[in-house]
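A.B. asks: Okay, handing you the structure first.
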Amino acid sequence: MVRRLIAIITSLKLTIICLVAAMVLIFAGTIAQVHLGIWEAQQRYFQSFFVWWPPEGRGLRIPIFPGGHLIGAVLLINLIAAHAKRFQWAWRKFGIHLTHAGLIIMLAGGLFTDLFAVESHMRLTQGDTRNYSEDPRRMELAVINTSNPEFDQVTAIPEAVLRRGGTIKHKSLPFRLVVRHFYQNSRLHMVSEPGVTLQPIANQGPGAQVVVEAVSRATGVNDRDLVSAAVEIIPAESASLGTWLVSDALGAPQTFSGDGRTWQLVMRPARYYKPYSVTLQKFTHERYVGTDIPKNFASKVTLIDPERSVNRNVLVYMNHPLRYRGETYYQAGFEKDDRTSILQVVRNPSFVAPYIACIVVAVGLLVQFGYHLVGFSRRRGTVAA
Amino acid sequence: MKRFFPWLVLIFAAAWVMASWFPPKSTDNAIDLITLGKVPVLVGGRVKPLDTVARNSLLIIHGKETLQLPNGEQIGAMQWLADVLFKPALADEYPVFVIQNSEVLGLFGWEQSDRKYFSFTELSPFLKQIDEQGEQADKLESVQRSAYQSAILNLRNALILCQRLKNSLRPEDAHDFSKELETYATAIPPAAQAAGQRGKGETFDKAKLDSVAAFIQRYENLSSMAYLLAVPSGEGLQWQAVGESLLQAVQTGELHPVVKAYAQLGDAYHVGDQRTFNQQATRLRDWFAKEQAVATKRTSFEFLFNRVDPFTHSMVLYVLAFLLACGSWLGWNRPLNRAAFYLLLLSLAVHTFGMASRMYLQERPPVTNLYSSAIFIGWGAVIVALILERIFRDGIGAACAGAIGFITLVIAHHLAGSGDTLEMLQAVLDTNIWLATHVVAITTGYSAMFLAGMLAMIYVIRGVFTRSLKKETADSLSRMTYGVVCFATLFSFVGTVLGGIWADQSWGRFWGWDPKENGAVLIVLWCAIILHARWGGFIRQRGLMIMAIFGNIVTSFSWFGVNMLGVGLHSYGFMQKAFPWLVGFIVSQLALMAVGAMPLERWRSFRGSTNGSRQNDKMNFVPPGLVERTSE
């Protein structure tokens, strides 16, 4: 039995099956991007163990195809096992060994990146300073204790926790939060708008004047969900502080008092705080003379890191990102008539893996094909002679 | 005859190519459009000769580089442009605008007939309508537009381009523009004096100010309309439109010599005074040669490049070579084969000249957009195929070279419809290192995949439909295909990974599942599958061929298909029109695969003989792989 299993795991057939499955998956995942957008398709097809049908919902879901992680993992095991079993040292196999060793590094690095890399945005208007980046794809409910004049104490509740619903308790909060409603994607309307029949779901703050319409999830490349929720704030000792509407579509934080302190409540993109700050000095957007074709985008920023005593100006422009403390800042976009610059921030702890893998594989392929090309021409040479 | 035939073919072909090198002698009493055609202007961020502007604009508006007038006369792009610039009333009557969409015709109350070209005058009553409809269509992403919306938007853009051209060098209603400029120049100093007096609060002559104000209004309009930036106004790429230069004259008090020369040249053209026209054209040429020496050198070369039209020439040569090579399999083997080989060398030389010229003009590595990728893929495949031909000398490499060279150049020709193929590069592409490595490696991989597919097609077609596929030919075809697939694997893999490294360098992430990236990795995966299936003994000669044909489908999806999805960072250039062609190509390849999968008894070459692939699966090119061959 074990021998049979080993035979399967190390078989070339399994390799080919995995490769074919990968092709089918990548093809389907690429076509799906037309409707789902790159990010969503990536989640469903490539960064998952199975492709599910239906893709969402709580009911019965069946896996219809292996996802990227599963195929990658099986291929990785297959590669390692096959080499462990059949490894023989010989010059004529050296190229093949190198190629596959490189592929193992690449696959492992890819899986590692998928699991641990974090992408976020930093949006800066000229003069702005930020010490955090944001993930526009994931929201968080921030409950901010503003009673200390020195600093704010932020308790951030991830979107996923809100989605689960129920009661949320945390040791830094002297009250419970009860999620009354949750909308993955929504539109807000004023109660006073003509034709509005829905009732407000909140009874406190500006949210009491607003109704929430549930809409289906955003699928376009540039669209994103507007997450909304209604939470009731219930202190341990006293009566309920009412139900509050929190939404991505509401801009400013709402203020309430509880436990003798002042609090702020805001639904915002999830933040990643950094031990340093970035200030946008100037954003430039050059075009070719007499056209609208962009020639260059550049952000001149000041990087201040008291811990490492860094205070310097950096120019972030096309093909020249800023790499600092394990994160890469690259020029991703702009807004508001070129006054706001959007920097993409990527933390990828395994970014060296592909570099090593690439060199190893390329050398391996060159050695292998070179070896046979030499053999081939030598054979032809003897035939001709 | 046998010995001289290949040389004769080569000499004839070379003479035909060389003929285009020399311009037709212009007679003394003709308008000298050649000198004018070399004059540099700045359009689309690039300094180019007026000749290029003429060809590209006519291509955008009319779909062709020449124009047939209702009286049957054929005029060239430069002649058309001169009429648009200097005799707009006449050019308005030319049937240049293409309308084929019946809904667009219906918008004007016209029925679809065999007429598809319309003049500006015919369309002028509907301009407002076209503008509104086009604006609505413009709001949509190109993927979302219906055929009608694309057509109306194209028409609107063509009309705008035409209007802008008409108002590039002079206002379209100008008659004696030189005289107008003289009046303007003499009116400036008194007006400046009056303005100074007004500034100090003294009494001033309002009439003097007003006389110039009317001009300023007129030239502001001209400046905002202009398509050509015709006047160099400083170092590097600081060029101005004529209108802008005229406005600046208010401060400097002087008219730019280029503006004056264009005005006189235009007036001369307007009244048909060829002597003055030629004088002014020469004056312009001399001025630019002195003041803009580098730009002039480049534009003169581009003018030559336009006229020589290397890709059309090599396209024809490739087709001839392909036919000769195919003919060599039927009989008169040696001379035809040799002739094909010589023709291919000539064609490759012309092709290389074209590509190198583009690199010189653009100062870029060879592949910068879809158009140039087609040219490079053909070039790469032809070289590899010629090397195969040198090794095997059986006409197969030559036939592949001819076919792929021809097809890729035809594709390139159709990709050129959107105007300047030497366009400026989007910001992120503005890096020669990665264009030279990643892009070249990837496109070389495409070349090799198509070549392997072509070899496999020859195997299947010759094997099934003719008796000409002998055992030796079949074996050498399979060795060639195998070798080319290995080559493709190497380049596709390296190219894909280099792309990842580029992405990591500029965006901080190695892989983003962008459609173009996925397309590239599909090729790598397919190559890996072919090689592993072969090494594991799951496929033999015929299986290799069928899989290599499928490689054509994978490659065409990666090259074109992903661009049609209209998503991602690489989707430069969406081509709705190409979609049916792509589908047709894929269907044809699937059909060939099905033909190739027929039992060997149905193959004419193998019928009743023992040389079917079933017997000869001993390829002496199989590497001693990691995996032992499973014995079957």
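Residue numbering restarts at 1 in every chain; chains get A, B, ... in the order shown in the structure tokens, and ligands count up from 1 in that same order.
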If we count only C-alpha atoms and set the cut-off at 12 Å, which residues sit around Lys206 in chain B, ignoring sequence neighbours fewer than 5 positions away in its own chain? Please answer as a list in words.

C.D. replies: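 My reading of the contact set: Pro190, Ala191, Ala192, Gln193, Ala194, Ala195, Gly196, Gln197, Arg198, Ser211, Val212 and Ala213 of chain B.
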
A.B. asks: Tell me, which residues of range 123-256 of chain B carry DSSP strand (DSSP E), written as a PDB file with C-alpha atoms, in the first residue's frame?

C.D. replies:
```pdb
ATOM      1  CA  VAL B 231       7.825  75.237 -34.921  1.00  0.00           C
ATOM      2  CA  PRO B 232      10.874  74.327 -32.823  1.00  0.00           C
ATOM      3  CA  TRP B 239       7.998  72.618 -30.138  1.00  0.00           C
ATOM      4  CA  GLN B 240       5.054  74.922 -30.680  1.00  0.00           C
TER       5      GLN B 240
END
```

A.B. asks: Please identify every residue of chain A that has at least one atom no more than 8 Å from any atom of chain B, counting only C-alpha atoms, and report them as an MDAnalysis selection string.

C.D. replies: chainID A and resid 12 16 19:20 22:23 26:27 30:31 33:34 37:38 42 86:87 92:93 96 221 288:291 293:297 318:321 328:332 344:346 348 351 354:355 358 362 365:366 369 372 376

A.B. asks: Env of Gly253 in chain B: 12 Å cut, atoms = only C-alpha atoms, seq-sep filter 5 positions within chain, self excluded. Answer as a VMD selection string.

C.D. replies: chain B and resid 181 to 182 184 to 193 245 to 248

A.B. asks: Using only C-alpha atoms, which residues sit within 6 Å of range 133-142 of chain A once same-chain residues fewer than 5 positions away are excluded, as a PyMOL selection string?

C.D. replies: chain A and resi 120-122+155-159+265-272

A.B. asks: Mind listing the helix (DSSP H, G or I) residues of range 17-260 of chain B, per DSSP on the backbone, as a count of residues only?

C.D. replies: 139

A.B. asks: At a cut-off of 8 Å, using only C-alpha atoms, what residues contact Arg261 in chain A? Leave out same-chain residues fewer than 2 positions from it and give the result as a VMD selection string.

C.D. replies: chain A and resid 145 to 147 257 to 259 263

A.B. asks: Quick one: write out the picked residues with C-alpha atoms as an mmCIF file, in the first residue's frame?

C.D. replies:
```cif
data_model
loop_
_atom_site.group_PDB
_atom_site.id
_atom_site.type_symbol
_atom_site.label_atom_id
_atom_site.label_comp_id
_atom_site.auth_asym_id
_atom_site.auth_seq_id
_atom_site.Cartn_x
_atom_site.Cartn_y
_atom_site.Cartn_z
ATOM 1 C CA ASN A 145 -10.359 56.131 22.748
ATOM 2 C CA THR A 146 -9.483 59.834 22.464
ATOM 3 C CA SER A 147 -9.378 60.646 26.176
ATOM 4 C CA SER A 257 -19.318 59.083 25.151
ATOM 5 C CA GLY A 258 -19.253 56.007 27.294
ATOM 6 C CA ASP A 259 -17.640 55.085 30.569
ATOM 7 C CA TRP A 263 -14.864 57.635 21.773
#
```

A.B. asks: Taking 2 positions as the minimum chain separation for residues in the same chain, which residues sit within 10 Å of His83 in chain A when counting only C-alpha atoms? Answer as a list of chain:residue names.

C.D. replies: A:Thr10, A:Ile77, A:Asn78, A:Leu79, A:Ile80, A:Ala81, A:Lys85, A:Arg86, A:Phe87, A:Gln88, A:His97, A:His100, A:Ala101, B:Leu626, B:Val627

A.B. asks: Please, what distance in Å, to one decimal, runs between CA of Gly207 in chain A and CA of Glu237 in chain A?

C.D. replies: 25.0 Å
